[in-house]
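Next up, final_6.txt (compact mmCIF, C-alpha atoms):
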```txt
# COMPACT_ATOMS: atom_id res chain seq x y z
CA VAL K 8 101.76 31.75 60.02
CA VAL K 9 101.06 33.54 56.77
CA SER K 10 100.96 37.33 56.93
CA CYS K 11 98.89 39.33 54.51
CA ALA K 12 98.55 43.11 54.21
CA LEU K 13 94.93 44.14 53.85
CA SER K 14 93.42 47.57 53.41
CA VAL K 15 90.16 47.68 55.33
CA SER K 16 87.79 50.62 55.12
CA ALA K 17 85.65 51.49 58.14
CA SER K 18 82.89 54.05 57.85
CA GLY K 19 82.73 56.89 60.33
CA GLY K 20 86.21 56.62 61.85
CA GLY K 21 85.77 60.08 63.31
CA GLY K 22 87.97 62.07 65.60
CA ARG K 23 91.61 61.19 65.37
CA GLY K 24 91.19 58.62 62.59
CA ASN K 25 90.69 59.08 58.87
CA GLY K 26 88.28 56.17 58.35
CA THR K 27 90.74 53.81 56.65
CA ARG K 28 93.25 51.51 58.28
CA THR K 29 95.96 49.62 56.48
CA ALA K 30 97.30 46.95 58.78
CA GLU K 31 99.01 43.63 58.66
CA PHE K 32 96.75 40.91 59.99
CA ARG K 33 98.79 37.88 60.90
CA SER K 34 95.78 35.58 61.00
CA GLY K 35 92.17 35.34 60.03
CA ASP K 36 91.31 35.70 63.70
CA GLU K 37 92.95 39.13 63.79
CA LEU K 38 91.02 40.26 60.74
CA ARG K 39 87.75 39.00 62.21
CA ALA K 40 88.53 40.77 65.50
CA TYR K 41 89.15 44.01 63.64
CA GLN K 42 85.94 43.67 61.67
CA SER K 43 84.01 42.95 64.87
CA ILE K 44 85.32 46.12 66.54
CA VAL K 45 84.51 48.21 63.49
CA ALA K 46 81.01 46.73 63.33
CA ARG K 47 80.45 47.58 67.00
CA MET K 48 81.68 51.12 66.38
CA ASP K 49 79.29 51.58 63.48
CA LYS K 50 76.40 50.06 65.42
CA MET K 51 76.84 52.62 68.23
CA LYS K 52 77.14 55.46 65.73
CA LYS K 53 73.94 54.47 63.95
CA ALA K 54 72.05 54.03 67.21
CA SER K 55 73.18 57.40 68.56
CA VAL K 56 70.56 60.13 68.90
CA LYS K 57 73.18 62.81 69.66
CA THR K 58 76.93 63.06 69.13
CA ILE K 59 79.14 65.27 71.27
CA GLN K 60 82.64 66.34 70.22
CA SER K 61 84.75 66.88 73.32
CA ALA K 62 87.45 69.56 73.40
CA ASP K 63 90.02 66.86 74.23
CA GLY K 64 89.26 64.96 70.99
CA ASP K 65 86.84 62.35 72.34
CA ILE K 66 83.63 61.58 70.49
CA ILE K 67 80.68 60.72 72.72
CA HIS K 68 77.65 58.95 71.28
CA CYS K 69 74.34 59.20 73.17
CA VAL K 70 72.90 55.71 72.64
CA PRO K 71 69.45 54.51 73.78
CA ALA K 72 70.07 52.64 77.03
CA HIS K 73 68.53 49.38 75.80
CA LEU K 74 70.89 49.36 72.76
CA GLN K 75 74.14 49.72 74.74
CA PRO K 76 76.82 46.99 74.36
CA ALA K 77 75.86 45.25 77.63
CA PHE K 78 72.87 43.61 76.05
CA ASP K 79 74.92 41.79 73.44
CA HIS K 80 76.07 39.45 76.23
CA PRO K 81 74.47 35.99 75.90
CA THR K 82 72.98 36.10 79.42
CA LEU K 83 71.58 39.62 78.95
CA ARG K 84 70.07 39.57 75.47
CA GLY K 85 66.57 40.95 75.36
CA GLN K 86 66.89 42.65 78.74
CA LYS K 87 66.72 46.35 79.57
CA PRO K 88 68.44 48.35 82.32
CA GLU K 89 67.07 47.86 85.82
CA VAL K 90 64.35 50.38 86.68
CA VAL K 91 64.17 49.47 90.37
CA HIS K 92 66.90 51.26 92.29
CA PRO K 93 69.14 49.11 94.48
CA ILE K 94 69.11 49.18 98.27
CA ARG K 95 72.06 51.38 99.16
CA PRO K 96 74.37 50.48 102.02
CA PHE K 97 73.77 52.06 105.40
CA SER K 98 76.72 54.08 106.69
CA ILE K 99 77.43 53.39 110.36
CA ASP K 100 80.50 55.61 110.35
CA ALA K 101 79.82 59.32 110.87
CA ALA K 102 82.26 60.36 108.13
CA GLU K 103 80.31 60.92 104.91
CA GLU K 104 81.42 62.19 101.55
CA GLU K 105 80.83 65.62 100.15
CA GLY K 106 78.20 65.90 97.45
CA ASP K 107 79.16 64.26 94.16
CA ALA K 108 76.20 65.35 92.06
CA VAL K 109 78.53 66.73 89.35
CA PHE K 110 81.34 64.47 88.15
CA PRO K 111 84.12 66.52 86.50
CA GLN K 112 84.78 65.18 83.01
CA ALA K 113 86.24 66.98 80.01
CA TRP K 114 83.42 66.08 77.59
CA SER K 115 80.78 67.70 79.82
CA ASP K 116 82.76 70.82 80.79
CA GLY K 117 80.55 72.96 78.59
CA GLY K 118 77.36 71.67 80.19
CA GLU K 119 76.87 68.87 77.68
CA SER K 120 74.94 65.74 78.60
CA CYS K 121 72.99 63.03 76.85
CA PRO K 122 69.19 63.11 76.58
CA GLY K 123 67.02 61.11 78.96
CA GLY K 124 66.78 57.44 78.10
CA THR K 125 70.29 57.35 76.58
CA VAL K 126 73.80 56.68 77.91
CA PRO K 127 77.08 58.30 76.77
CA ILE K 128 79.50 55.92 75.05
CA ARG K 129 83.02 57.01 74.15
CA ARG K 130 83.69 56.10 70.54
CA THR K 131 86.56 53.79 69.66
CA THR K 132 88.28 55.43 66.68
CA GLU K 133 90.48 54.22 63.88
CA SER K 134 93.39 55.94 65.62
CA ASP K 135 92.75 53.84 68.72
CA LEU K 136 93.01 50.64 66.68
CA ARG K 137 96.11 51.74 64.77
CA ARG K 138 97.85 52.67 68.00
CA TYR K 139 97.11 49.37 69.76
CA SER K 140 100.20 47.15 69.75
CA GLY K 141 98.67 43.91 71.02
CA SER K 142 96.37 41.39 69.45
CA LEU K 143 93.07 42.96 68.42
CA ARG K 144 91.40 39.81 69.73
CA ARG K 145 92.18 41.21 73.20
CA TYR K 146 91.52 44.86 72.48
CA GLY K 147 90.28 46.56 75.65
CA MET K 148 91.36 43.65 77.87
CA LYS K 149 94.15 43.37 80.44
CA PRO K 150 97.00 40.93 79.82
CA ARG K 151 96.28 37.45 81.12
CA ALA K 152 97.15 36.81 84.78
CA SER K 153 97.45 40.49 85.66
CA GLY K 154 95.90 43.14 87.77
CA VAL K 155 95.96 41.67 91.28
CA ARG K 156 98.76 41.86 93.79
CA ARG K 157 99.57 38.17 94.12
CA ASP K 158 100.36 37.88 90.42
CA SER K 159 102.62 40.90 90.25
CA THR K 160 106.02 39.19 90.38
CA SER K 161 105.61 37.34 87.11
CA ASP K 162 104.15 39.74 84.56
CA GLY K 163 105.60 43.21 85.13
CA HIS K 164 102.63 44.56 87.06
CA GLU K 165 103.63 46.33 90.28
CA HIS K 166 101.33 47.40 93.10
CA ALA K 167 101.13 49.44 96.28
CA VAL K 168 97.84 48.45 97.89
CA GLY K 169 95.80 48.07 101.02
CA TYR K 170 93.67 44.96 101.24
CA VAL K 171 91.34 43.06 103.53
CA THR K 172 90.51 39.37 103.35
CA GLY K 173 87.72 37.39 104.93
CA ASP K 174 84.82 35.05 104.39
CA GLN K 175 82.26 37.50 103.06
CA PHE K 176 82.39 41.03 101.68
CA TYR K 177 79.58 42.67 99.77
CA GLY K 178 81.29 45.82 98.57
CA ALA K 179 83.83 48.56 99.13
CA LYS K 180 84.06 52.35 99.19
CA ALA K 181 86.86 54.91 99.18
CA SER K 182 87.81 58.40 98.04
CA LEU K 183 90.90 58.57 95.85
CA ASN K 184 92.44 61.72 94.49
CA VAL K 185 93.16 61.98 90.79
CA TRP K 186 96.59 62.73 89.29
CA PRO K 187 97.96 63.17 85.76
CA ALA K 188 100.57 60.44 86.30
CA ARG K 189 103.38 60.40 83.74
CA VAL K 190 103.54 57.13 81.79
CA ALA K 191 106.85 56.33 80.10
CA SER K 192 105.66 54.37 77.06
CA ALA K 193 102.55 53.36 75.17
CA ALA K 194 102.90 49.79 76.41
CA GLU K 195 102.56 50.89 80.05
CA PHE K 196 99.81 52.36 82.22
CA SER K 197 99.29 53.77 85.69
CA LEU K 198 96.04 53.39 87.60
CA SER K 199 94.42 53.75 90.99
CA GLN K 200 91.37 51.68 91.76
CA ILE K 201 89.20 49.50 93.96
CA TRP K 202 89.21 45.74 93.34
CA VAL K 203 86.37 43.49 94.58
CA ILE K 204 87.68 39.92 94.32
CA SER K 205 86.40 36.37 94.74
CA GLY K 206 87.70 32.92 93.85
CA THR K 207 91.27 31.73 93.76
CA PHE K 208 94.26 33.27 92.03
CA GLY K 209 93.94 30.74 89.24
CA ASN K 210 91.68 30.55 86.21
CA ASP K 211 88.47 31.04 88.19
CA LEU K 212 89.30 34.47 89.66
CA ASN K 213 86.37 36.94 89.58
CA THR K 214 87.04 40.67 89.90
CA ILE K 215 85.13 43.93 89.68
CA GLU K 216 87.26 47.06 89.33
CA ALA K 217 86.80 50.83 89.06
CA GLY K 218 88.98 53.91 89.40
CA TRP K 219 91.10 56.24 87.27
CA GLN K 220 93.76 55.30 84.76
CA VAL K 221 96.39 56.91 82.52
CA SER K 222 96.92 54.68 79.47
CA PRO K 223 98.33 56.26 76.28
CA GLN K 224 97.81 53.04 74.33
CA LEU K 225 94.14 52.69 75.23
CA TYR K 226 93.12 56.35 75.11
CA GLY K 227 95.76 58.13 73.03
CA ASP K 228 96.80 60.70 75.64
CA ASN K 229 98.10 61.12 79.19
CA SER K 230 94.87 62.26 80.82
CA PRO K 231 93.52 60.44 83.89
CA ARG K 232 90.32 58.69 82.86
CA PHE K 233 87.44 57.10 84.74
CA PHE K 234 87.34 53.37 84.04
CA THR K 235 85.66 50.11 84.96
CA TYR K 236 86.73 46.49 84.48
CA TRP K 237 85.52 42.97 85.22
CA THR K 238 86.55 39.37 84.63
CA SER K 239 85.15 35.99 85.65
CA ASP K 240 88.14 33.85 84.58
CA ALA K 241 91.32 35.62 85.76
CA TYR K 242 91.54 37.88 82.69
CA GLN K 243 91.64 34.94 80.30
CA ALA K 244 88.69 35.40 77.94
CA THR K 245 86.00 37.38 79.79
CA GLY K 246 85.59 41.03 80.67
CA CYS K 247 87.15 44.27 79.49
CA TYR K 248 87.73 47.92 80.20
CA ASN K 249 84.73 50.21 80.16
CA LEU K 250 82.20 49.28 77.47
CA HIS K 251 84.61 47.62 75.02
CA CYS K 252 82.71 44.37 75.49
CA SER K 253 79.25 43.40 76.69
CA GLY K 254 78.56 43.03 80.41
CA PHE K 255 78.49 46.26 82.42
CA VAL K 256 75.08 47.97 82.24
CA GLN K 257 75.28 51.77 82.34
CA THR K 258 72.31 53.69 83.75
CA ASN K 259 73.68 57.24 83.96
CA ARG K 260 73.38 59.76 81.10
CA ARG K 261 75.86 62.31 82.48
CA ILE K 262 78.94 60.14 83.10
CA ALA K 263 81.01 58.72 80.24
CA ILE K 264 83.10 55.70 81.18
CA GLY K 265 86.55 56.03 79.61
CA ALA K 266 86.34 59.84 79.41
CA ALA K 267 88.91 62.16 80.96
CA ILE K 268 88.50 63.46 84.51
CA SER K 269 89.10 67.20 84.62
CA PRO K 270 90.51 68.89 86.65
CA ALA K 271 93.11 66.69 88.35
CA SER K 272 95.31 67.22 91.40
CA ALA K 273 98.47 69.33 91.27
CA TYR K 274 101.68 69.05 93.30
CA ASN K 275 101.53 71.66 96.10
CA GLY K 276 98.19 72.72 94.64
CA ARG K 277 94.51 71.84 94.80
CA GLN K 278 93.55 68.22 95.33
CA PHE K 279 90.65 66.60 93.47
CA ASP K 280 89.03 63.36 94.62
CA ILE K 281 86.55 60.90 93.23
CA SER K 282 84.60 58.76 95.67
CA LEU K 283 83.57 55.30 94.48
CA LEU K 284 81.20 52.77 96.03
CA ILE K 285 80.81 49.22 94.67
CA TRP K 286 78.29 46.98 96.39
CA LYS K 287 75.99 44.03 95.88
CA ASP K 288 72.30 44.93 95.93
CA PRO K 289 70.65 42.60 98.48
CA ARG K 290 67.38 42.70 96.53
CA ARG K 291 68.47 41.75 93.01
CA GLY K 292 72.05 40.57 93.52
CA HIS K 293 73.71 42.86 90.97
CA TRP K 294 76.94 44.71 91.77
CA TRP K 295 76.32 48.47 91.53
CA LEU K 296 78.76 51.34 91.01
CA GLN K 297 77.99 54.70 92.61
CA LEU K 298 79.92 57.95 92.78
CA GLY K 299 80.24 58.61 96.50
CA SER K 300 76.88 59.51 97.97
CA GLY K 301 75.74 60.78 94.59
CA PRO K 302 74.62 59.27 91.28
CA LEU K 303 74.51 55.64 90.25
CA VAL K 304 76.71 54.84 87.25
CA GLY K 305 75.41 51.33 86.49
CA TYR K 306 75.85 47.70 87.48
CA TRP K 307 77.56 44.41 86.74
CA PRO K 308 74.80 41.76 86.51
CA SER K 309 75.30 38.84 88.87
CA SER K 310 74.90 36.44 85.92
CA LEU K 311 78.35 37.51 84.64
CA PHE K 312 80.08 35.79 87.55
CA SER K 313 80.57 32.48 89.28
CA HIS K 314 82.08 33.32 92.70
CA LEU K 315 80.91 36.94 92.73
CA GLY K 316 77.42 35.66 92.13
CA GLY K 317 77.55 35.21 95.89
CA HIS K 318 80.06 37.46 97.63
CA ALA K 319 83.68 38.63 97.64
CA ASN K 320 86.47 37.23 99.82
CA MET K 321 88.96 40.07 99.26
CA VAL K 322 88.75 43.81 98.73
CA GLN K 323 91.77 45.77 97.56
CA PHE K 324 92.53 49.50 97.18
CA GLY K 325 95.56 51.18 95.65
CA GLY K 326 97.80 51.73 92.68
CA GLU K 327 99.17 49.60 89.85
CA VAL K 328 101.67 50.24 87.06
CA VAL K 329 103.09 48.19 84.22
CA ASN K 330 106.88 47.96 84.20
CA THR K 331 108.21 46.89 80.81
CA ARG K 332 111.80 47.66 81.93
CA PRO K 333 112.66 49.94 79.00
CA SER K 334 116.38 49.85 78.16
CA GLY K 335 116.80 47.13 80.79
CA SER K 336 116.04 49.48 83.70
CA HIS K 337 112.97 49.94 85.86
CA THR K 338 110.35 52.13 84.22
CA PRO K 339 110.04 55.80 85.26
CA THR K 340 106.24 55.52 84.95
CA GLN K 341 104.71 57.22 87.96
CA MET K 342 102.24 55.68 90.38
CA GLY K 343 99.78 58.16 91.89
CA SER K 344 101.42 61.61 91.97
CA GLY K 345 104.88 60.22 91.28
CA HIS K 346 105.98 61.11 94.81
CA PHE K 347 106.56 58.84 97.79
CA PRO K 348 104.03 58.57 100.63
CA ARG K 349 106.34 60.30 103.13
CA GLU K 350 105.73 63.63 101.36
CA GLY K 351 102.13 63.61 102.60
CA PHE K 352 99.15 65.77 101.67
CA ASN K 353 99.29 68.00 98.57
CA ARG K 354 102.25 65.97 97.28
CA ALA K 355 101.56 62.24 97.54
CA ALA K 356 98.47 60.41 96.27
CA TYR K 357 96.03 58.99 98.80
CA PHE K 358 92.97 56.88 99.49
CA ARG K 359 90.76 58.01 102.38
CA ASN K 360 87.58 56.82 104.09
CA VAL K 361 88.45 53.25 103.11
CA GLN K 362 85.40 51.09 103.92
CA VAL K 363 83.84 47.69 103.22
CA VAL K 364 80.22 46.52 102.99
CA ASP K 365 79.25 43.67 105.31
CA TRP K 366 76.65 40.88 104.99
CA ASP K 367 73.91 43.18 106.36
CA ASN K 368 74.53 45.96 103.80
CA ASN K 369 76.38 48.17 106.30
CA LEU K 370 79.37 50.31 105.38
CA LEU K 371 82.11 49.73 107.95
CA PRO K 372 85.66 51.08 108.30
CA ALA K 373 88.26 48.70 106.85
CA ARG K 374 90.02 48.34 110.18
CA ASP K 375 92.07 45.25 109.29
CA LEU K 376 93.59 46.91 106.22
CA ARG K 377 96.99 45.43 105.36
CA LEU K 378 99.41 47.61 103.40
CA VAL K 379 101.81 46.04 100.92
CA ALA K 380 104.15 47.46 98.28
CA ASP K 381 105.71 45.04 95.81
CA HIS K 382 108.85 47.18 95.46
CA PRO K 383 108.94 49.90 98.16
CA ALA K 384 112.02 51.59 96.70
CA CYS K 385 110.03 52.21 93.52
CA TYR K 386 106.49 52.74 94.86
CA GLY K 387 105.69 52.94 98.57
CA ILE K 388 102.66 52.93 100.87
CA GLN K 389 101.98 54.08 104.44
CA GLY K 390 98.69 54.60 106.25
CA GLY K 391 96.89 55.67 109.36
CA TYR K 392 93.56 56.71 110.86
CA ASN K 393 91.97 59.99 111.91
CA ARG K 394 88.42 61.20 112.50
CA ALA K 395 88.24 63.28 109.32
CA TRP K 396 89.63 60.67 106.89
CA GLY K 397 88.86 57.43 108.71
CA ASN K 398 91.20 54.71 107.47
CA TYR K 399 93.55 56.20 104.88
CA PHE K 400 96.89 55.68 103.19
CA TYR K 401 99.34 57.52 100.97
CA TYR K 402 100.92 55.53 98.17
CA GLY K 403 102.92 55.75 94.96
CA GLY K 404 106.28 56.95 93.75
CA PRO K 405 108.42 57.83 90.73
CA GLY K 406 109.48 54.36 89.65
CA ARG K 407 113.10 54.44 88.50
CA ASN K 408 115.40 56.32 90.90
CA VAL K 409 118.79 55.76 92.56
CA HIS K 410 117.25 53.19 94.90
CA CYS K 411 115.14 51.58 92.17
CA PRO K 412 117.51 51.01 89.23
```
What would you get if you wrote out this structure as structure tokens?
Amino acid sequence: VVSCALSVSASGGGGRGNGTRTAEFRSGDELRAYQSIVARMDKMKKASVKTIQSADGDIIHCVPAHLQPAFDHPTLRGQKPEVVHPIRPFSIDAAEEEGDAVFPQAWSDGGESCPGGTVPIRRTTESDLRRYSGSLRRYGMKPRASGVRRDSTSDGHEHAVGYVTGDQFYGAKASLNVWPARVASAAEFSLSQIWVISGTFGNDLNTIEAGWQVSPQLYGDNSPRFFTYWTSDAYQATGCYNLHCSGFVQTNRRIAIGAAISPASAYNGRQFDISLLIWKDPRRGHWWLQLGSGPLVGYWPSSLFSHLGGHANMVQFGGEVVNTRPSGSHTPTQMGSGHFPREGFNRAAYFRNVQVVDWDNNLLPARDLRLVADHPACYGIQGGYNRAWGNYFYYGGPGRNVHCP
């Protein structure tokens, strides 16, 4: 492989970048990937009708909804966001979420929002690209064969999750509290999320994912951030985080995917939750994302998927970290709050009101929830049931400790 150092100028780097990146591209594919990302950045900037500078350094472009990245996907070209609202699941359980009309994000702390008819898109900056250590051809994508519990033993991904399996699921819902988990290195991340899964754990795996994530490499800081993900081929070539590729269609002008969630929970202090609902609309077949009982965020079109074009056969809730084993030892990257489940409320991270959506669009308690931790001495999980929280579990831990060398 021939390496060549190229100086590439990108207009409008903005934020934490200076507009010019000098990098070593080890192949023509890397250079083309870089140019493609820069072109997408510039396209969003030019389409923007309003730009918001967040106090945490993020740049938010308010882009007309029909010009968002989703509609660059081959199966979505020429389309516009759905105008007919989906049929929301009916909750049989008496426990309902508190109002989620306002989603706490740093960029909107001052009352900022995007105008009607637009969606907020977090700008990818030159600093983001310089910081990224992997191949730019996979920028914004998870490593291959990662992100689900059954693959965790082979690629450094560790989980503490609750899951249900069956013939047919049409969605999932839970409240998860948000923590500023400490991440040991730029190559690692810590997240808490819902997975909606179909297919086998081979190259045809379909997943839809949403939750919060701390990823210094992707975002440049240690803030917990709201994220989405999808893949239709086990993380091989399809799907990405947030809006880094085409696919997910955003419909909300007040929520920025990839932006920081603020405030977050504190040890022995106040606890802050986000409540997420993912479900398949029985009318149109798309998979929608909603914040609790509040606003719709957007949807994953059914045309993106093979197996999830029909239904899911597994739903999973919980935490995941990347363990790169720095210095030959287990990583000290935290999962959840960084404290073990036995410490309980105000100290350990939790999921509560864990539910699934059945074939008749009903929200039901996930009564057959199985709890599994890949390495309990590093990150644990324990659950229960009560009338206020329904099915719940505490999970997480500090990573490296005397019992997890």
Taking into account all atoms listed in the file, which residue in the set K:His166, K:Arg359, K:Lys50, K:Arg232 is nearest to Leu74 in chain K?
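The shortest atom-to-atom distance to Leu74 in chain K comes from K:Lys50.
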If I wrap all listed atoms of range 221-230 of chain K in a box with edges along x, y and z and add 3 Å on each side, what are its centre and edge lengths in Å to one decimal, as lines of an AutoDock Vina configuration file?
```
center_x = 95.7
center_y = 57.5
center_z = 77.8
size_x = 11.2
size_y = 15.6
size_z = 15.5
```
One decimal, in Å: what's the spacing between CA of Thr131 in chain K and CA of Arg47 in chain K?
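Calculated distance between CA of Thr131 in chain K and CA of Arg47 in chain K is 9.1 Å.
Candidate residues K:Ser142, K:Ala263, K:Leu283, K:Ser269 were compared for distance to Leu38 in chain K, and the nearest is K:Ser142, using all atoms listed in the file.
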Polymer residues at most 12 Å from Gln60 in chain K, all atoms listed in the file, same-chain spacing of 2 or more positions, as a ChimeraX atom specification
/K:21-23,57-58,62-69,113-117,119-120,127-130,266
Neighbour list for Asp79 in chain K as number ranges by chain, cut-off 9 Å, all atoms listed in the file, skip fewer than 5 positions in-chain:
K: 74, 84-85, 252-254
Could you jot down the CA of Tyr242 in chain K to CA of Trp307 in chain K separation for me, Å, one decimal place?
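Interatomic distance here is 16.0 Å.
Residues near the point (88.6, 51.9, 101.0), at a distance of 8 Å or less over all atoms listed in the file, make up Ala179, Lys180, Ala181, Ser182, Ile201, Gln323, Phe324, Phe358, Arg359, Asn360, Val361, Gln362, Val363, Pro372, Ala373, Asn398 and Tyr399 of chain K.
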Complete the atoms of range 276-300 of chain K to N, CA and C atoms and put them out as an mmCIF file, in the frame of the given file.
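Everything below was put into part-v3.cif:
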```
data_model
loop_
_atom_site.group_PDB
_atom_site.id
_atom_site.type_symbol
_atom_site.label_atom_id
_atom_site.label_comp_id
_atom_site.auth_asym_id
_atom_site.auth_seq_id
_atom_site.Cartn_x
_atom_site.Cartn_y
_atom_site.Cartn_z
ATOM 1 N N GLY K 276 99.344 71.946 95.075
ATOM 2 C CA GLY K 276 98.190 72.720 94.640
ATOM 3 C C GLY K 276 96.891 72.081 95.115
ATOM 4 N N ARG K 277 95.808 72.372 94.429
ATOM 5 C CA ARG K 277 94.510 71.840 94.800
ATOM 6 C C ARG K 277 94.450 70.339 94.573
ATOM 7 N N GLN K 278 93.708 69.666 95.432
ATOM 8 C CA GLN K 278 93.550 68.220 95.330
ATOM 9 C C GLN K 278 92.118 67.903 94.920
ATOM 10 N N PHE K 279 91.970 66.990 93.956
ATOM 11 C CA PHE K 279 90.650 66.600 93.470
ATOM 12 C C PHE K 279 90.462 65.104 93.688
ATOM 13 N N ASP K 280 89.344 64.753 94.298
ATOM 14 C CA ASP K 280 89.030 63.360 94.620
ATOM 15 C C ASP K 280 87.850 62.873 93.797
ATOM 16 N N ILE K 281 87.794 61.559 93.604
ATOM 17 C CA ILE K 281 86.550 60.900 93.230
ATOM 18 C C ILE K 281 86.260 59.866 94.321
ATOM 19 N N SER K 282 85.006 59.726 94.649
ATOM 20 C CA SER K 282 84.600 58.760 95.670
ATOM 21 C C SER K 282 83.778 57.683 94.993
ATOM 22 N N LEU K 283 84.203 56.429 95.164
ATOM 23 C CA LEU K 283 83.570 55.300 94.480
ATOM 24 C C LEU K 283 83.019 54.307 95.494
ATOM 25 N N LEU K 284 81.834 53.814 95.223
ATOM 26 C CA LEU K 284 81.200 52.770 96.030
ATOM 27 C C LEU K 284 80.777 51.641 95.096
ATOM 28 N N ILE K 285 81.234 50.432 95.383
ATOM 29 C CA ILE K 285 80.810 49.220 94.670
ATOM 30 C C ILE K 285 80.148 48.326 95.701
ATOM 31 N N TRP K 286 78.929 47.881 95.423
ATOM 32 C CA TRP K 286 78.290 46.980 96.390
ATOM 33 C C TRP K 286 77.251 46.091 95.713
ATOM 34 N N LYS K 287 76.950 45.014 96.384
ATOM 35 C CA LYS K 287 75.990 44.030 95.880
ATOM 36 C C LYS K 287 74.607 44.352 96.427
ATOM 37 N N ASP K 288 73.670 44.609 95.535
ATOM 38 C CA ASP K 288 72.300 44.930 95.930
ATOM 39 C C ASP K 288 71.656 43.694 96.576
ATOM 40 N N PRO K 289 71.224 43.784 97.831
ATOM 41 C CA PRO K 289 70.650 42.600 98.480
ATOM 42 C C PRO K 289 69.311 42.170 97.887
ATOM 43 N N ARG K 290 68.683 43.045 97.119
ATOM 44 C CA ARG K 290 67.380 42.700 96.530
ATOM 45 C C ARG K 290 67.550 41.876 95.258
ATOM 46 N N ARG K 291 68.356 42.365 94.331
ATOM 47 C CA ARG K 291 68.470 41.750 93.010
ATOM 48 C C ARG K 291 69.791 41.003 92.799
ATOM 49 N N GLY K 292 70.790 41.293 93.615
ATOM 50 C CA GLY K 292 72.050 40.570 93.520
ATOM 51 C C GLY K 292 73.073 41.158 92.577
ATOM 52 N N HIS K 293 72.734 42.252 91.878
ATOM 53 C CA HIS K 293 73.710 42.860 90.970
ATOM 54 C C HIS K 293 74.713 43.700 91.757
ATOM 55 N N TRP K 294 75.897 43.881 91.171
ATOM 56 C CA TRP K 294 76.940 44.710 91.770
ATOM 57 C C TRP K 294 76.863 46.116 91.167
ATOM 58 N N TRP K 295 76.532 47.101 92.000
ATOM 59 C CA TRP K 295 76.320 48.470 91.530
ATOM 60 C C TRP K 295 77.554 49.329 91.759
ATOM 61 N N LEU K 296 77.696 50.352 90.903
ATOM 62 C CA LEU K 296 78.760 51.340 91.010
ATOM 63 C C LEU K 296 78.112 52.709 91.216
ATOM 64 N N GLN K 297 78.533 53.386 92.270
ATOM 65 C CA GLN K 297 77.990 54.700 92.610
ATOM 66 C C GLN K 297 79.138 55.663 92.852
ATOM 67 N N LEU K 298 78.945 56.917 92.488
ATOM 68 C CA LEU K 298 79.920 57.950 92.780
ATOM 69 C C LEU K 298 79.625 58.530 94.151
ATOM 70 N N GLY K 299 80.416 58.122 95.148
ATOM 71 C CA GLY K 299 80.240 58.610 96.500
ATOM 72 C C GLY K 299 78.828 58.442 97.002
ATOM 73 N N SER K 300 78.270 59.524 97.528
ATOM 74 C CA SER K 300 76.880 59.510 97.970
ATOM 75 C C SER K 300 75.967 60.059 96.894
#
```
